[in-house]
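**Q** So here's my_file.txt, just compact mmCIF, C-alpha atoms:
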```txt
# COMPACT_ATOMS: atom_id res chain seq x y z
CA MET A 13 10.19 4.97 20.75
CA GLN A 14 9.52 5.21 24.46
CA ARG A 15 5.97 4.06 25.12
CA LEU A 16 4.24 6.33 27.61
CA THR A 17 1.10 6.05 29.67
CA LEU A 18 -1.60 8.65 29.20
CA GLU A 19 -0.57 10.34 32.45
CA GLU A 20 3.08 10.41 31.37
CA THR A 21 2.03 11.92 28.04
CA ALA A 22 0.18 14.67 29.91
CA ARG A 23 3.32 15.38 31.94
CA ARG A 24 5.38 15.71 28.76
CA LEU A 25 2.91 18.31 27.49
CA GLU A 26 3.25 20.22 30.75
CA GLN A 27 7.04 20.19 30.39
CA SER A 28 7.05 21.30 26.75
CA GLU A 29 7.73 24.79 25.42
CA ASP A 30 7.15 26.47 22.03
CA VAL A 31 5.29 23.55 20.48
CA TYR A 32 4.60 22.76 16.84
CA VAL A 33 1.61 20.40 16.58
CA LEU A 34 1.97 18.37 13.38
CA ILE A 35 -1.07 16.87 11.65
CA HIS A 36 -1.17 14.73 8.53
CA ARG A 37 -1.51 15.87 4.92
CA SER A 38 -5.02 15.85 3.41
CA PRO A 39 -6.26 16.76 6.90
CA ASP A 40 -9.51 15.28 8.19
CA GLY A 41 -11.76 16.08 11.12
CA ASP A 42 -9.83 13.96 13.61
CA CYS A 43 -6.35 15.37 13.06
CA ILE A 44 -7.67 18.95 12.72
CA GLY A 45 -9.86 18.66 15.81
CA GLY A 46 -7.15 16.98 17.85
CA GLY A 47 -4.48 19.40 16.67
CA TYR A 48 -6.37 22.59 17.48
CA ALA A 49 -7.72 21.21 20.77
CA LEU A 50 -4.15 20.40 21.84
CA ALA A 51 -2.95 23.84 20.76
CA GLU A 52 -5.62 25.49 22.92
CA MET A 53 -4.75 23.22 25.84
CA LEU A 54 -1.10 24.25 25.54
CA HIS A 55 -2.08 27.92 25.32
CA GLN A 56 -3.98 27.52 28.59
CA MET A 57 -0.78 26.17 30.14
CA GLY A 58 0.97 29.38 29.13
CA LYS A 59 2.84 27.89 26.20
CA ARG A 60 3.17 28.97 22.60
CA ALA A 61 1.71 26.36 20.24
CA LYS A 62 0.91 26.27 16.54
CA VAL A 63 -0.75 23.64 14.31
CA ILE A 64 1.36 22.79 11.26
CA CYS A 65 -0.03 21.02 8.19
CA ASN A 66 1.42 20.34 4.77
CA ASP A 67 -1.94 21.09 3.09
CA PRO A 68 -4.57 23.79 3.54
CA ILE A 69 -7.39 23.07 5.99
CA PRO A 70 -10.57 22.27 3.95
CA ALA A 71 -13.23 24.96 4.07
CA ARG A 72 -15.79 22.59 5.62
CA TYR A 73 -13.67 22.51 8.79
CA ALA A 74 -13.18 26.26 9.06
CA PHE A 75 -15.56 26.41 12.04
CA MET A 76 -12.93 24.62 14.15
CA LEU A 77 -10.17 27.12 13.47
CA PRO A 78 -9.30 29.80 16.02
CA LYS A 79 -10.28 33.36 15.22
CA GLU A 80 -6.68 34.50 15.48
CA GLU A 81 -3.65 32.78 14.00
CA SER A 82 -0.89 31.75 16.39
CA GLU A 83 2.19 33.92 16.41
CA ASP A 84 5.28 32.75 14.56
CA PHE A 85 8.08 31.24 16.61
CA SER A 86 10.84 28.67 16.33
CA PRO A 87 9.77 25.36 17.87
CA LYS A 88 11.54 23.78 20.79
CA PHE A 89 9.18 20.79 20.97
CA ILE A 90 7.58 18.83 18.12
CA LEU A 91 4.30 17.02 18.76
CA SER A 92 2.33 14.95 16.25
CA ILE A 93 -1.27 13.78 16.50
CA ASP A 94 -3.16 11.24 14.38
CA VAL A 95 -0.02 10.52 12.34
CA ALA A 96 0.70 6.81 11.91
CA ASP A 97 3.71 7.22 9.63
CA PRO A 98 6.01 10.22 9.04
CA LYS A 99 5.34 9.87 5.31
CA LEU A 100 1.76 10.98 6.03
CA LEU A 101 3.03 14.39 7.12
CA GLY A 102 3.63 15.34 3.49
CA LYS A 103 7.01 15.86 1.83
CA GLU A 104 7.70 19.39 3.08
CA ILE A 105 6.74 18.81 6.71
CA GLU A 106 8.34 15.37 6.81
CA SER A 107 11.63 16.72 5.50
CA CYS A 108 11.64 19.49 8.13
CA TYR A 109 10.34 17.67 11.19
CA GLY A 110 9.76 13.96 10.45
CA LYS A 111 12.91 12.85 12.26
CA ASN A 112 12.58 15.32 15.11
CA VAL A 113 9.20 14.48 16.65
CA ASP A 114 9.50 14.54 20.43
CA LEU A 115 6.06 13.18 21.23
CA CYS A 116 3.28 11.49 19.25
CA ILE A 117 -0.36 10.81 20.11
CA ASP A 118 -2.08 8.34 17.83
CA HIS A 119 -4.79 5.69 17.58
CA HIS A 120 -3.65 3.63 14.57
CA ALA A 121 -2.79 -0.01 15.23
CA SER A 122 -0.40 0.15 12.27
CA HIS A 123 1.55 3.03 13.84
CA ILE A 124 5.21 3.18 12.83
CA GLU A 125 7.33 4.27 15.78
CA PHE A 126 9.05 7.43 14.55
CA ALA A 127 8.83 9.76 17.57
CA ALA A 128 11.18 9.82 20.56
CA ALA A 129 8.22 9.03 22.81
CA GLY A 130 4.51 8.60 22.44
CA TYR A 131 1.13 7.25 23.40
CA VAL A 132 -0.58 4.99 20.87
CA ASP A 133 -3.93 3.36 21.58
CA GLY A 134 -4.96 1.21 18.64
CA THR A 135 -8.33 0.51 20.27
CA ALA A 136 -9.40 4.16 20.42
CA ALA A 137 -11.92 5.24 17.80
CA ALA A 138 -10.17 8.55 17.18
CA ALA A 139 -7.13 10.55 18.22
CA CYS A 140 -9.61 13.05 19.66
CA GLN A 141 -10.91 10.33 21.97
CA VAL A 142 -7.38 9.95 23.34
CA VAL A 143 -7.17 13.70 23.93
CA CYS A 144 -10.51 13.60 25.77
CA GLN A 145 -9.23 10.86 28.04
CA MET A 146 -5.97 12.73 28.68
CA LEU A 147 -7.88 15.74 30.03
CA ALA A 148 -8.38 13.79 33.27
CA PHE A 149 -4.62 14.14 33.89
CA LEU A 150 -4.55 17.87 33.15
CA PRO A 151 -6.66 19.46 35.90
CA GLU A 152 -5.26 22.92 35.09
CA VAL A 153 -6.87 22.78 31.62
CA VAL A 154 -10.43 24.05 31.37
CA LEU A 155 -12.53 22.38 28.67
CA THR A 156 -13.95 25.17 26.52
CA ASP A 157 -16.72 25.16 23.93
CA SER A 158 -14.14 25.56 21.15
CA MET A 159 -12.17 22.55 22.41
CA ALA A 160 -15.34 20.48 22.76
CA THR A 161 -16.33 21.43 19.21
CA CYS A 162 -12.97 20.25 17.90
CA LEU A 163 -12.94 17.01 19.88
CA TYR A 164 -16.53 16.08 19.11
CA THR A 165 -16.02 16.72 15.38
CA GLY A 166 -12.92 14.54 15.35
CA ILE A 167 -14.67 11.65 17.06
CA ALA A 168 -17.85 11.97 14.99
CA THR A 169 -16.01 12.03 11.65
CA ASP A 170 -13.71 9.11 12.48
CA THR A 171 -16.68 6.96 13.56
CA GLY A 172 -18.99 7.86 10.66
CA CYS A 173 -21.30 9.65 13.09
CA PHE A 174 -20.95 6.70 15.51
CA GLN A 175 -22.09 4.07 13.02
CA TYR A 176 -18.73 2.23 12.77
CA ASP A 177 -17.99 -0.47 15.29
CA ASN A 178 -14.86 1.37 16.45
CA ALA A 179 -17.26 3.55 18.47
CA GLY A 180 -17.21 1.59 21.69
CA ALA A 181 -18.27 2.36 25.24
CA LEU A 182 -15.25 4.60 25.94
CA THR A 183 -16.03 6.57 22.78
CA HIS A 184 -19.59 7.28 23.86
CA MET A 185 -18.41 8.06 27.40
CA ALA A 186 -15.93 10.62 26.05
CA VAL A 187 -18.65 12.26 23.96
CA ALA A 188 -21.12 12.22 26.85
CA ASP A 189 -18.52 13.99 28.98
CA LEU A 190 -18.06 16.68 26.31
CA MET A 191 -21.81 17.22 26.08
CA THR A 192 -22.21 17.35 29.86
CA ARG A 193 -19.38 19.81 30.43
CA CYS A 194 -20.02 21.97 27.36
CA PRO A 195 -23.80 21.93 26.80
CA GLY A 196 -23.67 25.18 24.84
CA VAL A 197 -22.09 23.53 21.80
CA ASP A 198 -24.56 22.78 19.01
CA TYR A 199 -23.59 19.14 18.46
CA SER A 200 -26.56 18.46 16.18
CA TRP A 201 -25.39 21.29 13.92
CA ILE A 202 -21.96 19.65 13.69
CA ASN A 203 -23.56 16.35 12.68
CA ARG A 204 -25.68 18.01 10.02
CA LYS A 205 -22.71 19.95 8.63
CA MET A 206 -20.47 16.90 8.57
CA PHE A 207 -22.97 14.27 7.41
CA GLY A 208 -26.26 15.81 6.29
CA VAL A 209 -25.27 18.65 3.96
CA LYS A 210 -23.44 18.43 0.64
CA SER A 211 -22.48 21.03 -1.92
CA MET A 212 -24.02 20.91 -5.38
CA GLY A 213 -20.65 19.78 -6.68
CA ARG A 214 -20.55 16.91 -4.21
CA LEU A 215 -24.11 15.83 -5.07
CA LYS A 216 -23.17 15.76 -8.73
CA LEU A 217 -20.03 13.84 -7.79
CA ASP A 218 -22.12 11.21 -5.95
CA GLN A 219 -24.14 10.74 -9.11
CA GLN A 220 -20.98 10.23 -11.14
CA LEU A 221 -19.55 7.86 -8.55
CA THR A 222 -22.70 5.74 -8.70
CA ASP A 223 -22.29 5.50 -12.46
CA ARG A 224 -18.67 4.37 -11.98
CA LEU A 225 -19.33 1.59 -9.46
CA GLU A 226 -17.65 -1.68 -10.44
CA THR A 227 -18.51 -4.94 -8.69
CA TYR A 228 -16.21 -7.94 -8.37
CA LEU A 229 -15.95 -11.23 -6.46
CA ASP A 230 -19.65 -11.96 -6.71
CA GLY A 231 -20.52 -8.47 -5.55
CA LYS A 232 -18.45 -8.69 -2.38
CA CYS A 233 -15.89 -6.17 -3.62
CA VAL A 234 -16.97 -2.77 -4.98
CA LEU A 235 -14.41 -0.51 -6.61
CA ILE A 236 -14.47 3.06 -7.92
CA CYS A 237 -11.58 4.48 -9.92
CA ILE A 238 -11.21 8.26 -9.99
CA THR A 239 -8.74 9.45 -12.61
CA ARG A 240 -7.31 12.93 -13.06
CA GLU A 241 -9.09 13.04 -16.41
CA PHE A 242 -12.40 12.40 -14.63
CA LEU A 243 -11.76 15.14 -12.06
CA ASP A 244 -10.70 17.63 -14.71
CA HIS A 245 -13.64 16.83 -16.99
CA PHE A 246 -16.24 17.38 -14.27
CA GLN A 247 -14.26 20.20 -12.64
CA ILE A 248 -14.18 18.42 -9.28
CA GLU A 249 -11.75 19.70 -6.66
CA ASP A 250 -9.86 17.29 -4.43
CA ALA A 251 -11.60 18.74 -1.37
CA GLU A 252 -14.92 17.45 -2.74
CA LEU A 253 -13.59 13.88 -2.50
CA GLU A 254 -13.30 13.92 1.26
CA GLY A 255 -15.41 11.27 2.92
CA ILE A 256 -16.05 9.18 -0.18
CA ALA A 257 -14.04 6.18 1.02
CA SER A 258 -17.15 4.51 2.43
CA PHE A 259 -19.28 5.24 -0.63
CA PRO A 260 -18.79 1.78 -2.25
CA LEU A 261 -20.05 0.05 0.91
CA GLN A 262 -23.46 1.60 0.42
CA LEU A 263 -24.12 -1.10 -2.15
CA GLU A 264 -25.94 -4.01 -0.53
CA GLY A 265 -23.80 -7.14 -0.28
CA ALA A 266 -20.47 -5.28 -0.43
CA GLU A 267 -17.84 -6.54 2.02
CA VAL A 268 -14.88 -4.51 0.76
CA GLY A 269 -15.01 -1.05 -0.79
CA ILE A 270 -12.10 0.40 -2.74
CA ILE A 271 -11.49 3.93 -3.97
CA MET A 272 -8.61 4.31 -6.42
CA LYS A 273 -7.74 7.99 -6.75
CA GLU A 274 -5.10 9.03 -9.27
CA ARG A 275 -2.85 11.60 -7.59
CA GLU A 276 -0.62 11.94 -10.64
CA THR A 277 -0.03 9.93 -13.77
CA GLY A 278 0.73 6.32 -12.85
CA LYS A 279 0.29 6.84 -9.10
CA PHE A 280 -2.90 5.90 -7.22
CA ARG A 281 -3.90 6.62 -3.65
CA VAL A 282 -6.02 3.69 -2.49
CA SER A 283 -8.60 3.87 0.30
CA MET A 284 -10.05 0.55 1.43
CA ARG A 285 -12.99 -0.04 3.75
CA SER A 286 -14.48 -3.20 5.25
CA ALA A 287 -18.16 -3.67 6.00
CA ASP A 288 -17.83 -6.53 8.45
CA TRP A 289 -15.29 -9.31 8.73
CA VAL A 290 -12.48 -8.48 6.27
CA ASP A 291 -9.28 -7.03 7.79
CA VAL A 292 -8.30 -4.50 5.11
CA SER A 293 -5.28 -3.33 7.14
CA GLN A 294 -3.57 -6.64 6.37
CA ILE A 295 -4.21 -6.13 2.67
CA CYS A 296 -2.95 -2.55 2.65
CA GLN A 297 0.10 -3.42 4.75
CA SER A 298 1.20 -5.81 2.01
CA PHE A 299 1.60 -2.69 -0.18
CA GLY A 300 3.42 -0.64 2.46
CA GLY A 301 0.27 1.06 3.75
CA GLY A 302 -1.91 0.44 6.77
CA GLY A 303 -4.45 1.93 9.12
CA HIS A 304 -7.32 0.26 10.92
CA ILE A 305 -8.88 -3.18 10.52
CA LYS A 306 -11.87 -1.71 8.70
CA ALA A 307 -10.33 1.46 7.25
CA SER A 308 -6.91 1.48 5.64
CA GLY A 309 -5.01 2.87 2.71
CA CYS A 310 -1.91 2.56 0.58
CA MET A 311 -0.20 3.96 -2.51
CA LEU A 312 0.32 1.99 -5.71
CA LYS A 313 2.11 2.78 -8.94
CA GLY A 314 1.06 1.56 -12.37
CA THR A 315 -1.61 2.04 -14.97
CA GLU A 316 -5.27 2.06 -14.02
CA VAL A 317 -5.65 -1.48 -15.37
CA GLU A 318 -2.56 -2.77 -13.55
CA VAL A 319 -3.46 -1.24 -10.19
CA ARG A 320 -7.04 -2.53 -10.40
CA ARG A 321 -5.80 -6.05 -11.14
CA ILE A 322 -3.25 -5.97 -8.31
CA LEU A 323 -5.84 -4.77 -5.81
CA LEU A 324 -8.49 -7.28 -6.79
CA GLU A 325 -6.03 -10.15 -6.58
CA ALA A 326 -4.90 -8.97 -3.14
CA VAL A 327 -8.48 -8.61 -1.87
CA GLN A 328 -9.45 -12.05 -3.16
CA HIS A 329 -6.35 -13.60 -1.58
CA GLY A 330 -6.95 -11.72 1.68
CA MET A 331 -10.59 -12.77 1.88
CA GLU A 332 -9.77 -16.41 1.17
CA GLN A 333 -6.95 -16.41 3.72
CA GLN A 334 -9.07 -14.78 6.42
CA CYS A 335 -11.92 -17.22 5.74
CA ARG A 336 -9.56 -20.12 6.36
CA ASN A 337 -8.40 -18.55 9.62
```
Just give me the structure as structure tokens.
**A**
Amino acid sequence: MQRLTLEETARRLEQSEDVYVLIHRSPDGDCIGGGYALAEMLHQMGKRAKVICNDPIPARYAFMLPKEESEDFSPKFILSIDVADPKLLGKEIESCYGKNVDLCIDHHASHIEFAAAGYVDGTAAAACQVVCQMLAFLPEVVLTDSMATCLYTGIATDTGCFQYDNAGALTHMAVADLMTRCPGVDYSWINRKMFGVKSMGRLKLDQQLTDRLETYLDGKCVLICITREFLDHFQIEDAELEGIASFPLQLEGAEVGIIMKERETGKFRVSMRSADWVDVSQICQSFGGGGHIKASGCMLKGTEVEVRRILLEAVQHGMEQQCRN
């Protein structure tokens, strides 16, 4: 992959035509916000652009979607945002476009170089932060309220409403710029919608998750296993599980939080979070996954008992190794 500067990335966008903007499966606020902000930027440049996702956009993010769908067209340029690995595009999108990405914009330190060219800043708190910074090199693009809404939501959700330590000075500067240039956006409403309001189903889910907390390694590791049987029994939809990855870290004394979610029989999607000093990306990379130092994931096959044992052994080994270093 050809590594580009932010200015060079902006020039590639200016040179593009008929763009598909790819975002990852199980879309979150950052990839949705970044994807639709980029699409609007490209529209302002007089280009056709459309956001493509393997999965439906969750209802809680509907406020970021444009009022009118983009017209259908055949792409001449493939752009991805917030995608660290082509596998994260989902099977259908990966098979169609995974090997044909012309340009990627990402913020994952574990990024696998799959695009022809790209800009990857592993220090950025969110892909939307990168897009904010790139606006300085696109003077022809006017920052609109809809773009600011998308970009703010992406940054807020990927920083846990600015409570994670990935929210550094540049993050707050990017947000301050959005607020200054687009004061009409109700940013407090976005925060309440994203972090202060839960559906009845989600509140009931939180109660069930509390009951299923398991503590290990003298309370330093907290694990929750969510099986298909559990989801079916309580009639919980997958969309209700969004944002639960940090739930185990609410327990005082927890250093590592693990969510094991059974996607299908014998296959678990693992989300791992670190409260302070543990680098969970190293642990997840040992299983073919990755992400950020304090927020990573991977996929494991096996029974619930086997996967739990494998994870706990890996976390214990990782913590011991990192302590020695």
**Q** Got a sec: who's within 12 Å of A:Arg321, counting only C-alpha atoms, leaving out chain neighbours fewer than 6 positions off, as a list in words?
**A** Tyr228, Leu235, Met272, Leu312, Gly314, Thr315, Val327 and Gln328 of chain A
**Q** Neighbours of stretch 99-104 of chain A within 7 Å (all atoms listed in the file; same-chain residues fewer than 5 positions away dropped), as a tab-separated table (two decimals) with C-alpha atoms, in the frame of the given file?
**A**
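Dumped everything to result_3.tsv:
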```tsv
chain	number	residue	atom	x	y	z
A	35	ILE	CA	-1.07	16.87	11.65
A	36	HIS	CA	-1.17	14.73	8.53
A	37	ARG	CA	-1.51	15.87	4.92
A	66	ASN	CA	1.42	20.34	4.77
```
**Q** Please work out which residues fall within 8 Å of (-22.3, -2.0, 5.5), coordinates as given in the file, with all atoms listed in the file counting, and return them as a list in words.
**A**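 These residues have at least one counted atom within 8 Å: Leu261, Gln262, Leu263, Glu264, Gly265, Ala266, Glu267, Ser286, Ala287 and Asp288 of chain A.
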**Q** Need the shell around A:Ile124: protein/DNA/RNA residues with any atom at most 9 Å away, counting all atoms listed in the file. Skip same-chain ones fewer than 4 positions apart. Format as an MDAnalysis selection string?
**A** chainID A and resid 96:98
**Q** Please identify all polymer residues lying at most 6 Å from the point (8.3, 11.5, 19.0) (file coordinates), using all atoms listed in the file, and present the result as a ChimeraX atom specification.
**A** /A:113-116,127-130
**Q** Give the answer as one residue: which of A:Pro260, A:Arg214, A:Val154, A:Ala51 has the shortest atom-to-atom distance to A:Gln247, using only C-alpha atoms?
**A** A:Arg214
**Q** Figure out the distance between atom CA of A:Val282 and atom CA of A:Asp244, please, to one decimal in Å.
**A**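 Distance reported for this atom pair: 19.1 Å.
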**Q** Could you name the residues that touch A:Lys59 at 6 Å or less, counting all atoms listed in the file, but leaving out those on the same chain fewer than 4 positions away, as a compact mmCIF listing (two decimals) with C-alpha atoms, in the coordinates of the input?
**A**
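Output contents, as saved in around-v6.txt:
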```
# COMPACT_ATOMS: atom_id res chain seq x y z
CA GLU A 29 7.73 24.79 25.42
CA LEU A 54 -1.10 24.25 25.54
CA HIS A 55 -2.08 27.92 25.32
```
**Q** Find the distance between atom CA of A:Ala186 and atom CA of A:Leu50 and write it in Å to one decimal.
**A** 15.9 Å
**Q** In Å to one decimal, how far is atom CA of A:Lys306 from atom CA of A:Arg224?
**A**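 About the pair atom CA of A:Arg224 and atom CA of A:Lys306: they are 22.6 Å apart.
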**Q** Near stretch 190-197 of chain A, within 9 Å and counting only C-alpha atoms, which residues show up once chain neighbours fewer than 6 positions away are dropped, as a PyMOL selection string?
**A** chain A and resi 144+155-158+160-161+163-164
**Q** I'd like to know which of A:Leu324, A:Leu25, A:Cys237, A:Ala138 is closest to A:Gly41, using all atoms listed in the file.
**A** A:Ala138
**Q** Just save stretch 160-186 of chain A with N, CA, C and O atoms, as a compact mmCIF listing (two decimals), in the first residue's frame.
**A**
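Result file is part25.txt:
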```
# COMPACT_ATOMS: atom_id res chain seq x y z
N ALA A 160 -21.26 17.89 10.35
CA ALA A 160 -20.80 18.06 11.73
C ALA A 160 -21.48 17.06 12.65
O ALA A 160 -20.85 16.52 13.57
N THR A 161 -22.76 16.81 12.42
CA THR A 161 -23.49 15.82 13.22
C THR A 161 -22.85 14.44 13.08
O THR A 161 -22.64 13.73 14.07
N CYS A 162 -22.54 14.08 11.85
CA CYS A 162 -21.92 12.77 11.59
C CYS A 162 -20.54 12.67 12.24
O CYS A 162 -20.22 11.67 12.91
N LEU A 163 -19.73 13.69 12.05
CA LEU A 163 -18.35 13.65 12.54
C LEU A 163 -18.30 13.70 14.06
O LEU A 163 -17.51 12.98 14.69
N TYR A 164 -19.14 14.52 14.66
CA TYR A 164 -19.16 14.58 16.13
C TYR A 164 -19.61 13.24 16.71
O TYR A 164 -19.02 12.75 17.68
N THR A 165 -20.65 12.66 16.13
CA THR A 165 -21.15 11.37 16.64
C THR A 165 -20.08 10.30 16.56
O THR A 165 -19.90 9.51 17.50
N GLY A 166 -19.35 10.28 15.45
CA GLY A 166 -18.29 9.28 15.30
C GLY A 166 -17.20 9.44 16.34
O GLY A 166 -16.74 8.46 16.93
N ILE A 167 -16.79 10.68 16.59
CA ILE A 167 -15.74 10.92 17.58
C ILE A 167 -16.25 10.62 18.99
O ILE A 167 -15.56 9.98 19.79
N ALA A 168 -17.47 11.06 19.29
CA ALA A 168 -18.02 10.85 20.64
C ALA A 168 -18.17 9.36 20.95
O ALA A 168 -17.82 8.91 22.04
N THR A 169 -18.67 8.58 19.99
CA THR A 169 -18.90 7.16 20.26
C THR A 169 -17.60 6.38 20.36
O THR A 169 -17.50 5.43 21.14
N ASP A 170 -16.59 6.76 19.58
CA ASP A 170 -15.32 6.02 19.64
C ASP A 170 -14.45 6.43 20.82
O ASP A 170 -13.42 5.80 21.07
N THR A 171 -14.84 7.48 21.54
CA THR A 171 -14.09 7.90 22.73
C THR A 171 -14.91 7.69 24.01
O THR A 171 -14.48 8.13 25.08
N GLY A 172 -16.07 7.03 23.89
CA GLY A 172 -16.91 6.85 25.07
C GLY A 172 -17.33 8.17 25.66
O GLY A 172 -17.28 8.36 26.87
N CYS A 173 -17.76 9.08 24.78
CA CYS A 173 -18.12 10.45 25.19
C CYS A 173 -16.92 11.13 25.85
O CYS A 173 -17.05 11.78 26.89
N PHE A 174 -15.73 10.92 25.23
CA PHE A 174 -14.49 11.60 25.60
C PHE A 174 -13.92 11.15 26.95
O PHE A 174 -13.07 11.84 27.50
N GLN A 175 -14.34 9.97 27.40
CA GLN A 175 -13.79 9.48 28.67
C GLN A 175 -12.59 8.56 28.48
O GLN A 175 -11.85 8.31 29.43
N TYR A 176 -12.38 8.03 27.26
CA TYR A 176 -11.22 7.16 27.02
C TYR A 176 -9.98 8.02 26.79
O TYR A 176 -10.07 9.16 26.32
N ASP A 177 -8.83 7.46 27.09
CA ASP A 177 -7.62 8.26 26.96
C ASP A 177 -7.14 8.40 25.52
O ASP A 177 -6.11 9.02 25.26
N ASN A 178 -7.89 7.83 24.56
CA ASN A 178 -7.55 8.09 23.16
C ASN A 178 -8.01 9.48 22.73
O ASN A 178 -7.63 9.99 21.68
N ALA A 179 -8.83 10.13 23.58
CA ALA A 179 -9.31 11.49 23.28
C ALA A 179 -8.26 12.50 23.73
O ALA A 179 -8.28 12.98 24.86
N GLY A 180 -7.33 12.78 22.83
CA GLY A 180 -6.24 13.70 23.17
C GLY A 180 -6.55 15.12 22.74
O GLY A 180 -7.68 15.48 22.38
N ALA A 181 -5.52 15.95 22.75
CA ALA A 181 -5.69 17.36 22.43
C ALA A 181 -6.24 17.57 21.02
O ALA A 181 -7.13 18.40 20.81
N LEU A 182 -5.73 16.81 20.04
CA LEU A 182 -6.20 16.96 18.66
C LEU A 182 -7.66 16.57 18.53
O LEU A 182 -8.39 17.14 17.71
N THR A 183 -8.08 15.59 19.34
CA THR A 183 -9.49 15.18 19.33
C THR A 183 -10.37 16.32 19.78
O THR A 183 -11.37 16.66 19.12
N HIS A 184 -10.03 16.93 20.90
CA HIS A 184 -10.83 18.02 21.43
C HIS A 184 -10.76 19.25 20.53
O HIS A 184 -11.76 19.99 20.40
N MET A 185 -9.62 19.45 19.86
CA MET A 185 -9.51 20.57 18.92
C MET A 185 -10.43 20.35 17.72
O MET A 185 -11.07 21.29 17.24
N ALA A 186 -10.50 19.10 17.24
CA ALA A 186 -11.38 18.80 16.11
C ALA A 186 -12.83 19.04 16.48
O ALA A 186 -13.60 19.62 15.70
```
